[in-house]
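Here is the structure we will look at, set down as structure tokens.
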Amino acid sequence: MDTVILKKGRANPLWHGHPWVYSGAIDRVQGAAQAGDAVLVRDAEGRPIGQGFYNPRSQIRVRLVTRGEAPIDAALIAARLAEAVQLRQRIGLPSDETDAFRLVNSEGDGLPGLVIDRYREVAAVQFTALGMKQREAQVFDAVAALPGIRSVVEVSAGGFSDVEGFASATRTVRGPETGEVECRENGLTLWVDPLHGQKTGMFLDQRDNRRRIAELARGARMLDVYSYAGGFALAALRGGAKSATCIDSSARALERIRLHAERNQLGPLEVHEADAFRFLEQATPRSYDLVVVDPPKFARAKKDLDAALKGYQRLNALALNVCASDALWATCSCSQLVTEELFERVIAGAAQQAGRRVQLLSAASQGPDHPTPPAFPEGRYLKFLLFRVV
Ligand code: SAH
């Protein structure tokens, strides 16, 4: 087998469970490994660390798949998938209340480069690494064989395909063509369209945080900024909010919120197709008791970090202006480059800018169906900070 040998002193993170070999950690490659091939990784002393997918195009040169000696084949993929299903069952997924959840979370489930979201009887698969994409038939067959799965859909990898060097399209790959899928989250019925949505159709990582918002919503005038299909607003209405207002720049997303509200008989609801900054600049100051701000990623690369931090500060200062006194306010960042510590500092800056005093009540992240290896900060991208605004 082709072998990647690490520089002296560069194996420690891997020995501790970190699953990536960055290009700078490699001393030499023995053999003629092609992009996507399985390679063996050894430390400078020649000790075998594990096997993973090789990709000379990416800064992440190897993604470790296994620490064992068995080959990376259909049997290994099926076994890891079975383990992922078992973990979800262990944490109560699916349940009567929720059958939309993440079934496979890449490195966190020992299947690097593979994300699978489950919407009741439909599995939406997304590849983020070439090595896994090259084994797609094995993946699709294993997923299609799971009990309760009727259709398997592949969702295009977006930006990942450029970095990793593969083409991907959104299409049905096993089972009958599927349109809108009816499914449930925290007792709310939703209609998700994996073939036409953002991400795989829903932002499942916020499920537990939506439940938290529902618990805090009674009687509140709620504002959901960057609402997408209205996950937070609908949860708040279900939790007894007096009213909910949703802001998103996508007309398609807002249409979905209206449909969800109507079919779940929730209201009163207002939706605005607008840029979040523009809306907040013009909104009536101190007019909401519960505010959620959940923007798309501001920082994609290190060079964007400064601009992103400024953006977060300005956005959150604007959001603070619309918080009534004694409001609860949740603000999120899904930029992996913005650590929780950094994000808290930005929020402190926003509070100062807005002239408001805030108290941090809790800090949360993605739900347990998005597991990550420990000592792998790259995998824990979501920050959800809950404040009281005095
Ligand atoms: N809170 C949502 C997820 C938000 S994802 C949930 O719980 O499901 C980010 C959303 O921001 C997307 O729906 C996208 O359409 C929207 N968006 C992107 N840029 C925007 C902008 N400038 N103003 C308002 N919305 C924007």
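Chains: A, B, ... in order of the structure tokens. Residues: from 1 per chain. Ligands: from 1, in order shown.
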
### Task
Run DSSP on the backbone of this structure and report the residues of stretch 146-288 of chain A it assigns to helix (DSSP H, G or I), as an NGL selection string.
:A and (159-164 or 204-215 or 231-238 or 251-263 or 276-282)

Counting only C-alpha atoms and all ligand atoms, what are the residues of chain A within 7 Å of ligand 1, and for each of them which pair of atoms is the nearest and at what distance in Å, to one decimal? Sort the table by chain and rising number, as CSV.
residue,atom,partner,partner_atom_place_in_ligand_line,distance
A:Met202,CA,ligand 1,8 (O),6.0
A:Phe203,CA,ligand 1,8 (O),4.7
A:Gln206,CA,ligand 1,7 (O),6.1
A:Tyr226,CA,ligand 1,11 (O),4.1
A:Ser227,CA,ligand 1,1 (N),4.2
A:Tyr228,CA,ligand 1,13 (O),3.3
A:Ala229,CA,ligand 1,8 (O),5.6
A:Gly230,CA,ligand 1,6 (C),6.0
A:Gly231,CA,ligand 1,7 (O),4.3
A:Phe232,CA,ligand 1,7 (O),5.4
A:Ile247,CA,ligand 1,24 (C),6.1
A:Asp248,CA,ligand 1,25 (N),3.7
A:Ser249,CA,ligand 1,25 (N),4.1
A:Ser250,CA,ligand 1,15 (O),4.6
A:Ala253,CA,ligand 1,13 (O),6.2
A:Ala274,CA,ligand 1,24 (C),5.7
A:Asp275,CA,ligand 1,23 (N),3.4
A:Ala276,CA,ligand 1,23 (N),3.9
A:Phe277,CA,ligand 1,23 (N),6.7
A:Asp294,CA,ligand 1,1 (N),4.9
A:Pro295,CA,ligand 1,9 (C),4.8
A:Pro296,CA,ligand 1,9 (C),4.4

### Query
Can you tell me, as a PyMOL selection string, what residues are no more than 12 Å from A:Val65 when counting only C-alpha atoms, ignoring any on the same chain fewer than 6 positions away?
chain A and resi 14+17-21+37-41+49-54+71-73+76-77+80+106-114+129+131-132

### Message
Using DSSP assignments from the backbone, pull out every residue in stretch 129-340 of chain A that falls under strand (DSSP E) and give it to me as a PyMOL selection string.
### Response
chain A and resi 151-154+171-174+181-185+188-192+221-225+243-248+269-273+288-293+323-333

Would you save the residues from that selection as a PDB file, in the first residue's frame, using C-alpha atoms?
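Contents of part-v6.pdb, as written:
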ATOM      1  CA  SER A 151     -35.174   6.898  -1.510  1.00  0.00           C
ATOM      2  CA  VAL A 152     -31.587   8.058  -1.475  1.00  0.00           C
ATOM      3  CA  VAL A 153     -30.792  11.484  -2.876  1.00  0.00           C
ATOM      4  CA  GLU A 154     -27.372  12.972  -3.584  1.00  0.00           C
ATOM      5  CA  ARG A 171     -30.323  13.854  -8.046  1.00  0.00           C
ATOM      6  CA  THR A 172     -32.135  10.769  -6.830  1.00  0.00           C
ATOM      7  CA  VAL A 173     -29.674   7.848  -6.778  1.00  0.00           C
ATOM      8  CA  ARG A 174     -31.653   4.936  -5.280  1.00  0.00           C
ATOM      9  CA  VAL A 181     -40.883  14.978   2.239  1.00  0.00           C
ATOM     10  CA  GLU A 182     -43.135  15.303   5.261  1.00  0.00           C
ATOM     11  CA  CYS A 183     -41.158  14.919   8.475  1.00  0.00           C
ATOM     12  CA  ARG A 184     -41.122  16.098  12.065  1.00  0.00           C
ATOM     13  CA  GLU A 185     -38.858  18.144  14.299  1.00  0.00           C
ATOM     14  CA  LEU A 188     -43.643  20.277  14.412  1.00  0.00           C
ATOM     15  CA  THR A 189     -44.559  18.907  10.977  1.00  0.00           C
ATOM     16  CA  LEU A 190     -42.297  20.181   8.192  1.00  0.00           C
ATOM     17  CA  TRP A 191     -42.140  19.709   4.446  1.00  0.00           C
ATOM     18  CA  VAL A 192     -38.559  19.453   3.254  1.00  0.00           C
ATOM     19  CA  ARG A 221     -42.899  39.255  20.401  1.00  0.00           C
ATOM     20  CA  MET A 222     -40.362  37.111  18.578  1.00  0.00           C
ATOM     21  CA  LEU A 223     -37.968  38.113  15.779  1.00  0.00           C
ATOM     22  CA  ASP A 224     -36.184  35.464  13.686  1.00  0.00           C
ATOM     23  CA  VAL A 225     -33.391  37.041  11.625  1.00  0.00           C
ATOM     24  CA  SER A 243     -46.237  36.849  17.459  1.00  0.00           C
ATOM     25  CA  ALA A 244     -43.292  36.006  15.211  1.00  0.00           C
ATOM     26  CA  THR A 245     -41.545  38.005  12.503  1.00  0.00           C
ATOM     27  CA  CYS A 246     -39.173  36.322  10.023  1.00  0.00           C
ATOM     28  CA  ILE A 247     -36.487  37.967   7.910  1.00  0.00           C
ATOM     29  CA  ASP A 248     -34.709  36.227   5.053  1.00  0.00           C
ATOM     30  CA  LEU A 269     -46.649  35.440  11.632  1.00  0.00           C
ATOM     31  CA  GLU A 270     -45.065  38.178   9.529  1.00  0.00           C
ATOM     32  CA  VAL A 271     -42.405  37.492   6.913  1.00  0.00           C
ATOM     33  CA  HIS A 272     -40.114  40.019   5.217  1.00  0.00           C
ATOM     34  CA  GLU A 273     -37.950  39.369   2.201  1.00  0.00           C
ATOM     35  CA  TYR A 288     -38.987  42.501  20.397  1.00  0.00           C
ATOM     36  CA  ASP A 289     -38.795  40.329  23.528  1.00  0.00           C
ATOM     37  CA  LEU A 290     -37.113  37.303  21.944  1.00  0.00           C
ATOM     38  CA  VAL A 291     -34.628  37.643  19.084  1.00  0.00           C
ATOM     39  CA  VAL A 292     -32.670  34.971  17.207  1.00  0.00           C
ATOM     40  CA  VAL A 293     -29.881  35.892  14.785  1.00  0.00           C
ATOM     41  CA  CYS A 323     -34.305  44.095  21.790  1.00  0.00           C
ATOM     42  CA  ALA A 324     -36.802  45.363  24.362  1.00  0.00           C
ATOM     43  CA  SER A 325     -35.602  45.762  27.900  1.00  0.00           C
ATOM     44  CA  ASP A 326     -35.396  42.310  29.577  1.00  0.00           C
ATOM     45  CA  ALA A 327     -35.418  40.600  26.139  1.00  0.00           C
ATOM     46  CA  LEU A 328     -33.810  37.232  25.524  1.00  0.00           C
ATOM     47  CA  TRP A 329     -31.467  37.184  22.579  1.00  0.00           C
ATOM     48  CA  ALA A 330     -29.739  34.259  20.883  1.00  0.00           C
ATOM     49  CA  THR A 331     -26.944  34.938  18.454  1.00  0.00           C
ATOM     50  CA  CYS A 332     -25.195  32.332  16.325  1.00  0.00           C
ATOM     51  CA  SER A 333     -22.102  31.848  14.232  1.00  0.00           C
TER      52      SER A 333
END

#### Entry: Gap from atom CA of A:Thr3 to atom CA of A:Pro374 - Å, one decimal
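For atom CA of A:Thr3 relative to atom CA of A:Pro374, the distance reads 25.7 Å.
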
### Contacts of A:Gly9 within 9 Å, only C-alpha atoms, excl. fewer than 6 positions in-chain, as an MDAnalysis selection string
chainID A and resid 25 43:44

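Minimum atom-to-atom distance to A:Phe384, evaluated using only C-alpha atoms, belongs to A:Thr339 out of A:Gln86, A:Asn105, A:Thr339, A:Asn55.
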
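Residue neighbourhood of A:Leu320, excluding near-sequence residues (fewer than 3 positions): Leu280, Pro285, Arg286, Tyr288, Val291, Arg314, Leu315, Asn316, Ala317, Cys323, Ala324, Ser325, Ala327, Trp329, Ile347, Ala350, Ala351, Gln353, Ala354, Gly355, Arg356, Arg357, Val358 and Val389 of chain A, at 10 Å, using only C-alpha atoms.
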
Do you have, as JSON lines, the list of residues of stretch 206-242 of chain A lying at most 12 Å from stretch 93-98 of chain A, each with its nearest atom pair and that distance in Å to one decimal, counting only C-alpha atoms and ordered by chain then number?
{"residue": "A:Arg207", "atom": "CA", "partner": "A:Thr98", "partner_atom": "CA", "distance": 9.4}
{"residue": "A:Asp208", "atom": "CA", "partner": "A:Thr98", "partner_atom": "CA", "distance": 10.9}
{"residue": "A:Arg211", "atom": "CA", "partner": "A:Glu97", "partner_atom": "CA", "distance": 11.4}

Please write the residues from the selection above to a file, keeping N, CA, C and O atoms, as an mmCIF file, in the first residue's frame.
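Once everything was written out, this is out-v2.cif:
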data_model
loop_
_atom_site.group_PDB
_atom_site.id
_atom_site.type_symbol
_atom_site.label_atom_id
_atom_site.label_comp_id
_atom_site.auth_asym_id
_atom_site.auth_seq_id
_atom_site.Cartn_x
_atom_site.Cartn_y
_atom_site.Cartn_z
ATOM 1 N N ARG A 207 -31.525 21.952 16.007
ATOM 2 C CA ARG A 207 -32.761 21.395 16.567
ATOM 3 C C ARG A 207 -32.892 21.609 18.071
ATOM 4 O O ARG A 207 -33.922 22.077 18.565
ATOM 5 N N ASP A 208 -31.849 21.285 18.825
ATOM 6 C CA ASP A 208 -31.949 21.419 20.286
ATOM 7 C C ASP A 208 -32.055 22.884 20.700
ATOM 8 O O ASP A 208 -32.700 23.216 21.692
ATOM 9 N N ARG A 211 -35.557 24.021 20.363
ATOM 10 C CA ARG A 211 -36.380 23.588 21.497
ATOM 11 C C ARG A 211 -36.196 24.561 22.672
ATOM 12 O O ARG A 211 -37.139 24.931 23.352
#

### Task
Find the residues around A:Gly148 up to 9 Å (only C-alpha atoms counted), leave out those fewer than 3 positions away in its own chain, and share them as number ranges by chain.
A: 120-122, 144-145

Please, could you write that set of residues out with N, CA, C and O atoms as an mmCIF file, in the first residue's frame?
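Printed below is selection.cif as written:
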data_model
loop_
_atom_site.group_PDB
_atom_site.id
_atom_site.type_symbol
_atom_site.label_atom_id
_atom_site.label_comp_id
_atom_site.auth_asym_id
_atom_site.auth_seq_id
_atom_site.Cartn_x
_atom_site.Cartn_y
_atom_site.Cartn_z
ATOM 1 N N ARG A 120 -37.331 11.431 7.478
ATOM 2 C CA ARG A 120 -38.227 10.278 7.533
ATOM 3 C C ARG A 120 -37.727 9.162 6.620
ATOM 4 O O ARG A 120 -36.742 8.528 6.936
ATOM 5 N N GLU A 121 -38.333 8.934 5.434
ATOM 6 C CA GLU A 121 -37.942 7.774 4.615
ATOM 7 C C GLU A 121 -36.946 8.142 3.513
ATOM 8 O O GLU A 121 -36.628 7.327 2.664
ATOM 9 N N VAL A 122 -36.464 9.389 3.558
ATOM 10 C CA VAL A 122 -35.519 9.834 2.525
ATOM 11 C C VAL A 122 -34.162 10.140 3.160
ATOM 12 O O VAL A 122 -34.092 10.815 4.188
ATOM 13 N N ALA A 144 -29.277 2.625 1.109
ATOM 14 C CA ALA A 144 -30.563 2.136 0.586
ATOM 15 C C ALA A 144 -31.009 0.880 1.326
ATOM 16 O O ALA A 144 -32.205 0.593 1.405
ATOM 17 N N ALA A 145 -30.042 0.135 1.869
ATOM 18 C CA ALA A 145 -30.375 -1.122 2.563
ATOM 19 C C ALA A 145 -30.835 -0.896 4.002
ATOM 20 O O ALA A 145 -31.278 -1.833 4.659
#

### Task
Do a neighbour search on A:Asn209 at 9 Å with only C-alpha atoms, toss out local chain neighbours closer than 5 positions, and write the hits as a PyMOL selection string.
chain A and resi 214+232+364-367+384

What does the file look like for those residues with all heavy atoms, as a tab-separated table (two decimals), in the first residue's frame?
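So the final result, stored in selection-v4.tsv, reads:
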chain	number	residue	atom	x	y	z
A	214	ALA	N	-38.21	27.58	22.07
A	214	ALA	CA	-39.64	27.30	22.32
A	214	ALA	C	-39.94	27.43	23.80
A	214	ALA	O	-40.97	28.00	24.20
A	214	ALA	CB	-39.99	25.91	21.81
A	232	PHE	N	-36.79	28.57	13.97
A	232	PHE	CA	-36.87	29.20	15.30
A	232	PHE	C	-38.23	29.87	15.53
A	232	PHE	O	-38.81	29.77	16.60
A	232	PHE	CB	-35.74	30.22	15.47
A	232	PHE	CG	-34.41	29.59	15.76
A	232	PHE	CD1	-33.41	29.57	14.79
A	232	PHE	CD2	-34.15	29.00	17.00
A	232	PHE	CE1	-32.18	28.99	15.05
A	232	PHE	CE2	-32.92	28.42	17.26
A	232	PHE	CZ	-31.94	28.41	16.28
A	364	ALA	N	-24.22	27.11	23.57
A	364	ALA	CA	-24.49	25.78	23.04
A	364	ALA	C	-23.87	25.64	21.66
A	364	ALA	O	-23.30	26.60	21.12
A	364	ALA	CB	-26.00	25.54	22.97
A	365	SER	N	-23.97	24.45	21.11
A	365	SER	CA	-23.38	24.18	19.80
A	365	SER	C	-24.36	23.31	19.01
A	365	SER	O	-25.55	23.35	19.27
A	365	SER	CB	-22.03	23.50	20.01
A	365	SER	OG	-21.36	23.34	18.79
A	366	GLN	N	-23.85	22.53	18.08
A	366	GLN	CA	-24.73	21.65	17.31
A	366	GLN	C	-25.23	20.50	18.17
A	366	GLN	O	-24.60	20.18	19.17
A	366	GLN	CB	-24.00	21.14	16.06
A	366	GLN	CG	-22.78	20.30	16.33
A	366	GLN	CD	-21.48	20.98	15.91
A	366	GLN	OE1	-21.32	22.18	16.04
A	366	GLN	NE2	-20.54	20.20	15.42
A	367	GLY	N	-26.32	19.88	17.77
A	367	GLY	CA	-26.92	18.79	18.54
A	367	GLY	C	-26.09	17.51	18.50
A	367	GLY	O	-25.13	17.40	17.72
A	384	PHE	N	-23.94	29.04	19.64
A	384	PHE	CA	-25.30	29.53	19.91
A	384	PHE	C	-25.24	30.13	21.31
A	384	PHE	O	-25.21	29.42	22.30
A	384	PHE	CB	-26.29	28.37	19.83
A	384	PHE	CG	-27.72	28.74	20.20
A	384	PHE	CD1	-28.62	29.13	19.23
A	384	PHE	CD2	-28.15	28.66	21.52
A	384	PHE	CE1	-29.94	29.44	19.56
A	384	PHE	CE2	-29.46	28.97	21.87
A	384	PHE	CZ	-30.35	29.36	20.89

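In this structure, atom CA of A:Ala70 sits 28.7 Å away from atom CA of A:Ile91.
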
### Task
Between atom CA of A:Gln265 and atom CA of A:Gly219, measure the distance and give it in Å to one decimal.
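Going from atom CA of A:Gln265 over to atom CA of A:Gly219, I get 17.2 Å.
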
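Using only C-alpha atoms, the shortest contact distance between A:Ala375 and any of A:Pro56, A:Leu361, A:Trp15, A:Ile5 is found at A:Trp15.
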